[in-house]
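Single-structure report; data block below.
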Amino acid sequence: MEINEQHHSAEQTMRALVQHSHRGPKDLSHTTDRRRPAPGPGEYLIRVGAAGVNFADVMQTRGTYAGGPQAPYVAGFEAAGEIVAVGPGVASPLELGTHVVGAGPGAFAQYMKMPAAEVLPVPSGWSDAQALGLVLNWATALAALKPLGEVKKGDSVLIHAAAGGVGQAAVRLAHHYGARVIATASPSKHDTVKALGADAVLDSARPDLAAEITRLTGGVDLVLESVGQATFDVSLAVTKPFTGRVVVFGAASGDAGVTTHDLVFTHQIQIKGLHIGALAAAAPSIYGELLTELGALISDGVYPPGTPEVHPLAEGPAVLQELEAGRTRGKHALDPWL
């Protein structure tokens, strides 16, 4: 009886990373006895194969992500894995054993709940880790470029933080759509970005950044702005008056502001805000079109399988600290079974 009880309790618990404060990733700890969640109405229970690491995870550990969880909580929100249970009220549920990618609370764990309406099957022949980024990084990059950014062949597009997860996807896509791509990244990451199709890669910290971008382009048609404070003034300064667009989807270096006076007298440009989760909720038809286009990009080989750097779950706190310090490039992931 004792053996059965031990076996039963082992099945009900799991490994997870729990955030204990809003003092940053250093207060994220590895636990082995977190209770396994049960799927609620409209949810799948996923056996996580790989969890994506995003800058939003860093913001959540600092309590600066709007609507983010209150500590203590199981961290992470992006994952791919296998459906092992279906909650009540799921319309046309996918079969048990189907591998899906999506978002939901508590991804840095061996099991998590995921809203069934927002998952996508892992593309055929891809691993869970290779599918990470589909509903977050790539969907964000495509939304910023197409429905919001209105990118056209021949446009000049400025992409900040171009070596990150969204940045790399955006460089590939902008190049595919025939834009001239000007990217910013720290010098050690320039080769990576250039290889993705950027026409020019500039040091994001150079003091004459705005002047150099203007010299290269005469003014850009579209800016993808995810850095915030450190680059926002440059973004405003290099955007073409009236026709130029700035799509803002992050503020990794801190908040930046623009006033009504600025928009009338100094920077007569179009500024658009983007949060992919809010877009999915508020404009499902646009989001559906994005997912359809991503499927076509995958079929056409424009969107290749991801190549994230995969770490054991226990290394998550260190990975988040590296991301916060700007020392990572590309996509990183955690494997909760390592």
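Starting from 1 in every chain, residues are counted up; chains themselves are A, B, ... following the order of the structure tokens, and ligands are numbered from 1 as listed.
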Neighbour list for Val157 in chain A as a PyMOL selection string, cut-off 10 Å, only C-alpha atoms, skip fewer than 3 positions in-chain:
chain A and resi 145+149+151-152+154+160+170-171+174-175+179-183+198+217+219-224+239+244-246
Kindly provide the residues of range 87-171 of chain A that approach range 40-51 of chain A to within 12 Å, each paired with its closest atom pair and their distance in Å to one decimal, based on only C-alpha atoms, listed by chain and increasing number, as CSV.
```
residue,atom,partner,partner_atom,distance
A:Gly87,CA,A:Gly40,CA,5.1
A:Pro88,CA,A:Pro41,CA,4.7
A:Gly89,CA,A:Gly42,CA,5.3
A:Val90,CA,A:Gly42,CA,4.6
A:Ala91,CA,A:Gly42,CA,7.8
A:Ser92,CA,A:Gly42,CA,10.6
A:Pro93,CA,A:Tyr44,CA,8.7
A:Leu94,CA,A:Tyr44,CA,9.2
A:Glu95,CA,A:Tyr44,CA,10.5
A:Leu96,CA,A:Tyr44,CA,9.4
A:Gly97,CA,A:Ile46,CA,9.4
A:Thr98,CA,A:Ile46,CA,9.6
A:His99,CA,A:Ile46,CA,8.6
A:Val100,CA,A:Ile46,CA,8.4
A:Val101,CA,A:Ala50,CA,9.4
A:Gly102,CA,A:Ala51,CA,9.8
A:Ala103,CA,A:Ala51,CA,9.5
A:Gly104,CA,A:Glu43,CA,9.6
A:Pro105,CA,A:Ala51,CA,11.3
A:Gly106,CA,A:Ala51,CA,9.6
A:Ala107,CA,A:Ala51,CA,5.9
A:Phe108,CA,A:Ala51,CA,6.1
A:Ala109,CA,A:Val48,CA,7.0
A:Gln110,CA,A:Val48,CA,5.3
A:Tyr111,CA,A:Arg47,CA,4.7
A:Met112,CA,A:Ile46,CA,5.4
A:Lys113,CA,A:Leu45,CA,4.7
A:Met114,CA,A:Tyr44,CA,5.3
A:Pro115,CA,A:Glu43,CA,4.5
A:Ala116,CA,A:Glu43,CA,4.9
A:Ala117,CA,A:Gly42,CA,7.5
A:Glu118,CA,A:Glu43,CA,9.6
A:Val119,CA,A:Tyr44,CA,9.2
A:Val122,CA,A:Gly49,CA,11.3
A:Ser127,CA,A:Gly49,CA,8.6
A:Asp128,CA,A:Gly49,CA,5.8
A:Ala129,CA,A:Ala50,CA,5.2
A:Gln130,CA,A:Ala50,CA,8.9
A:Ala131,CA,A:Ala50,CA,9.1
A:Leu132,CA,A:Ala51,CA,7.4
A:Gly133,CA,A:Ala51,CA,9.9
```
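With only C-alpha atoms as the atoms that count, the residue of A:Ser226, A:Ser156, A:Thr192, A:Thr243 with the shortest distance to Phe55 in chain A is A:Ser226.
Compared by their closest atoms to Gln19 in chain A, and using only C-alpha atoms, the residues A:Tyr287, A:Tyr303, A:Phe265, A:Tyr73 rank with A:Tyr73 nearest.
CA of Asn54 in chain A lies 25.6 Å from CA of Leu236 in chain A.
Residue nearest Tyr65 in chain A within the list A:Ala251, A:Ala144, A:Val53, A:Leu279: A:Ala251 [criterion: smallest interatomic distance, only C-alpha atoms].
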Using only C-alpha atoms, which protein or nucleic acid residues come within 12 Å of Ala56 in chain A? Drop anything in the same chain fewer than 5 positions from it, and give the result as a PyMOL selection string.
chain A and resi 24-25+61-69+75-78+136-137+165+226+249-252+275-277+320+323-324
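The neighbours of Val258 in chain A here are the residues that come within 10 Å of it, using only C-alpha atoms and leaving out any residue fewer than 6 positions away in the same chain; they are Phe232, Asp233, Leu236, His267 and Ile271 of chain A.
When CA of Arg15 in chain A is paired with CA of Arg36 in chain A, their separation reads 8.9 Å.
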Taking a cut-off of 12 Å and counting only C-alpha atoms, can you build a table that, for each residue of range 14-38 of chain A near range 310-315 of chain A, reports the nearest atom pair and how far apart they are in Å (one decimal), sorted by chain then residue number, as JSON lines?
```
{"residue": "A:Met14", "atom": "CA", "partner": "A:Leu313", "partner_atom": "CA", "distance": 11.8}
{"residue": "A:Arg15", "atom": "CA", "partner": "A:Leu313", "partner_atom": "CA", "distance": 8.4}
{"residue": "A:Ala16", "atom": "CA", "partner": "A:Leu313", "partner_atom": "CA", "distance": 7.7}
{"residue": "A:Leu17", "atom": "CA", "partner": "A:Leu313", "partner_atom": "CA", "distance": 7.5}
{"residue": "A:Val18", "atom": "CA", "partner": "A:Ala314", "partner_atom": "CA", "distance": 10.8}
{"residue": "A:Pro25", "atom": "CA", "partner": "A:Glu315", "partner_atom": "CA", "distance": 11.0}
{"residue": "A:Lys26", "atom": "CA", "partner": "A:Glu315", "partner_atom": "CA", "distance": 11.3}
{"residue": "A:Leu28", "atom": "CA", "partner": "A:Ala314", "partner_atom": "CA", "distance": 9.7}
{"residue": "A:Ser29", "atom": "CA", "partner": "A:Ala314", "partner_atom": "CA", "distance": 7.9}
{"residue": "A:His30", "atom": "CA", "partner": "A:Ala314", "partner_atom": "CA", "distance": 5.7}
{"residue": "A:Thr31", "atom": "CA", "partner": "A:Ala314", "partner_atom": "CA", "distance": 8.8}
{"residue": "A:Thr32", "atom": "CA", "partner": "A:Ala314", "partner_atom": "CA", "distance": 10.3}
```
Please write the residues from the selection above to a file, keeping N, CA and C atoms, as a short mmCIF file (atom, residue, chain, number, x, y, z; two decimals), in the first residue's frame.
```
data_model
loop_
_atom_site.label_atom_id
_atom_site.label_comp_id
_atom_site.auth_asym_id
_atom_site.auth_seq_id
_atom_site.Cartn_x
_atom_site.Cartn_y
_atom_site.Cartn_z
N MET A 14 5.25 17.33 -9.96
CA MET A 14 6.10 17.55 -11.13
C MET A 14 7.20 18.54 -10.79
N ARG A 15 8.19 18.60 -11.70
CA ARG A 15 9.24 19.60 -11.59
C ARG A 15 8.75 20.90 -12.21
N ALA A 16 9.14 22.02 -11.62
CA ALA A 16 8.71 23.32 -12.12
C ALA A 16 9.66 24.39 -11.62
N LEU A 17 9.64 25.55 -12.29
CA LEU A 17 10.36 26.74 -11.82
C LEU A 17 9.35 27.70 -11.23
N VAL A 18 9.54 28.04 -9.97
CA VAL A 18 8.59 28.90 -9.25
C VAL A 18 9.25 30.24 -8.95
N PRO A 25 14.89 37.41 -11.92
CA PRO A 25 15.12 35.97 -12.13
C PRO A 25 15.90 35.28 -11.03
N LYS A 26 16.64 36.05 -10.21
CA LYS A 26 17.42 35.40 -9.14
C LYS A 26 16.50 34.75 -8.10
N LEU A 28 13.90 32.96 -8.87
CA LEU A 28 13.23 31.85 -9.55
C LEU A 28 13.92 30.57 -9.09
N SER A 29 13.15 29.62 -8.57
CA SER A 29 13.79 28.41 -8.02
C SER A 29 13.18 27.15 -8.59
N HIS A 30 14.00 26.10 -8.64
CA HIS A 30 13.61 24.80 -9.17
C HIS A 30 13.00 23.96 -8.05
N THR A 31 11.79 23.44 -8.29
CA THR A 31 11.15 22.58 -7.30
C THR A 31 10.74 21.27 -7.96
N THR A 32 10.71 20.20 -7.18
CA THR A 32 10.36 18.88 -7.73
C THR A 32 9.00 18.39 -7.25
#
```
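Here CA of Gly288 in chain A and CA of Val135 in chain A stand 11.1 Å from one another.
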List as a VMD selection string the protein and nucleic acid residues near Lys189 in chain A, meaning an atom at most 10 Å away when only C-alpha atoms are counted, but skip any in the same chain fewer than 3 places from it.
chain A and resid 161 to 164 184 to 186 192 to 194 201 203 327 to 330
For N, CA, C and O atoms, I'd like the residues from the last selection saved as a PDB file, in the first residue's frame.
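What ended up in selection.pdb:
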```
ATOM      1  N   ALA A 161      16.921  45.274 -32.098  1.00  0.00           N
ATOM      2  CA  ALA A 161      17.085  43.988 -31.388  1.00  0.00           C
ATOM      3  C   ALA A 161      16.959  42.830 -32.370  1.00  0.00           C
ATOM      4  O   ALA A 161      16.269  41.843 -32.117  1.00  0.00           O
ATOM      5  N   ALA A 162      17.642  42.957 -33.507  1.00  0.00           N
ATOM      6  CA  ALA A 162      17.438  42.033 -34.622  1.00  0.00           C
ATOM      7  C   ALA A 162      17.999  40.638 -34.379  1.00  0.00           C
ATOM      8  O   ALA A 162      17.700  39.715 -35.139  1.00  0.00           O
ATOM      9  N   ALA A 163      18.797  40.456 -33.330  1.00  0.00           N
ATOM     10  CA  ALA A 163      19.344  39.122 -33.049  1.00  0.00           C
ATOM     11  C   ALA A 163      18.473  38.326 -32.089  1.00  0.00           C
ATOM     12  O   ALA A 163      18.744  37.158 -31.826  1.00  0.00           O
ATOM     13  N   GLY A 164      17.403  38.941 -31.569  1.00  0.00           N
ATOM     14  CA  GLY A 164      16.506  38.248 -30.647  1.00  0.00           C
ATOM     15  C   GLY A 164      15.532  37.342 -31.382  1.00  0.00           C
ATOM     16  O   GLY A 164      15.557  37.235 -32.618  1.00  0.00           O
ATOM     17  N   THR A 184      19.539  46.675 -36.181  1.00  0.00           N
ATOM     18  CA  THR A 184      20.478  47.046 -35.118  1.00  0.00           C
ATOM     19  C   THR A 184      20.662  45.862 -34.175  1.00  0.00           C
ATOM     20  O   THR A 184      19.726  45.101 -33.904  1.00  0.00           O
ATOM     21  N   ALA A 185      21.889  45.715 -33.705  1.00  0.00           N
ATOM     22  CA  ALA A 185      22.250  44.653 -32.762  1.00  0.00           C
ATOM     23  C   ALA A 185      23.623  44.989 -32.218  1.00  0.00           C
ATOM     24  O   ALA A 185      24.347  45.816 -32.791  1.00  0.00           O
ATOM     25  N   SER A 186      24.003  44.345 -31.124  1.00  0.00           N
ATOM     26  CA  SER A 186      25.354  44.561 -30.611  1.00  0.00           C
ATOM     27  C   SER A 186      26.353  43.888 -31.558  1.00  0.00           C
ATOM     28  O   SER A 186      26.015  42.907 -32.237  1.00  0.00           O
ATOM     29  N   THR A 192      25.310  36.999 -37.381  1.00  0.00           N
ATOM     30  CA  THR A 192      24.061  36.237 -37.288  1.00  0.00           C
ATOM     31  C   THR A 192      22.949  36.947 -38.047  1.00  0.00           C
ATOM     32  O   THR A 192      22.207  36.336 -38.823  1.00  0.00           O
ATOM     33  N   VAL A 193      22.820  38.252 -37.822  1.00  0.00           N
ATOM     34  CA  VAL A 193      21.728  39.026 -38.424  1.00  0.00           C
ATOM     35  C   VAL A 193      21.939  39.186 -39.926  1.00  0.00           C
ATOM     36  O   VAL A 193      20.995  39.075 -40.718  1.00  0.00           O
ATOM     37  N   LYS A 194      23.169  39.421 -40.325  1.00  0.00           N
ATOM     38  CA  LYS A 194      23.488  39.584 -41.749  1.00  0.00           C
ATOM     39  C   LYS A 194      23.110  38.327 -42.527  1.00  0.00           C
ATOM     40  O   LYS A 194      22.568  38.393 -43.641  1.00  0.00           O
ATOM     41  N   VAL A 201      23.690  46.083 -40.964  1.00  0.00           N
ATOM     42  CA  VAL A 201      23.534  45.854 -39.527  1.00  0.00           C
ATOM     43  C   VAL A 201      24.395  46.871 -38.793  1.00  0.00           C
ATOM     44  O   VAL A 201      25.604  46.972 -39.039  1.00  0.00           O
ATOM     45  N   ASP A 203      25.554  48.941 -35.070  1.00  0.00           N
ATOM     46  CA  ASP A 203      25.695  48.827 -33.616  1.00  0.00           C
ATOM     47  C   ASP A 203      24.616  49.688 -32.961  1.00  0.00           C
ATOM     48  O   ASP A 203      24.557  50.901 -33.185  1.00  0.00           O
ATOM     49  N   ARG A 327      22.803  39.278 -23.157  1.00  0.00           N
ATOM     50  CA  ARG A 327      23.934  38.436 -23.569  1.00  0.00           C
ATOM     51  C   ARG A 327      23.512  37.205 -24.373  1.00  0.00           C
ATOM     52  O   ARG A 327      24.328  36.324 -24.631  1.00  0.00           O
ATOM     53  N   THR A 328      22.245  37.121 -24.764  1.00  0.00           N
ATOM     54  CA  THR A 328      21.792  35.963 -25.546  1.00  0.00           C
ATOM     55  C   THR A 328      21.582  36.372 -26.993  1.00  0.00           C
ATOM     56  O   THR A 328      21.470  37.559 -27.306  1.00  0.00           O
ATOM     57  N   ARG A 329      21.516  35.376 -27.865  1.00  0.00           N
ATOM     58  CA  ARG A 329      21.090  35.644 -29.243  1.00  0.00           C
ATOM     59  C   ARG A 329      20.157  34.503 -29.659  1.00  0.00           C
ATOM     60  O   ARG A 329      20.311  33.358 -29.225  1.00  0.00           O
ATOM     61  N   GLY A 330      19.187  34.828 -30.498  1.00  0.00           N
ATOM     62  CA  GLY A 330      18.269  33.801 -30.967  1.00  0.00           C
ATOM     63  C   GLY A 330      17.345  33.302 -29.870  1.00  0.00           C
ATOM     64  O   GLY A 330      17.198  33.912 -28.811  1.00  0.00           O
TER      65      GLY A 330
END
```
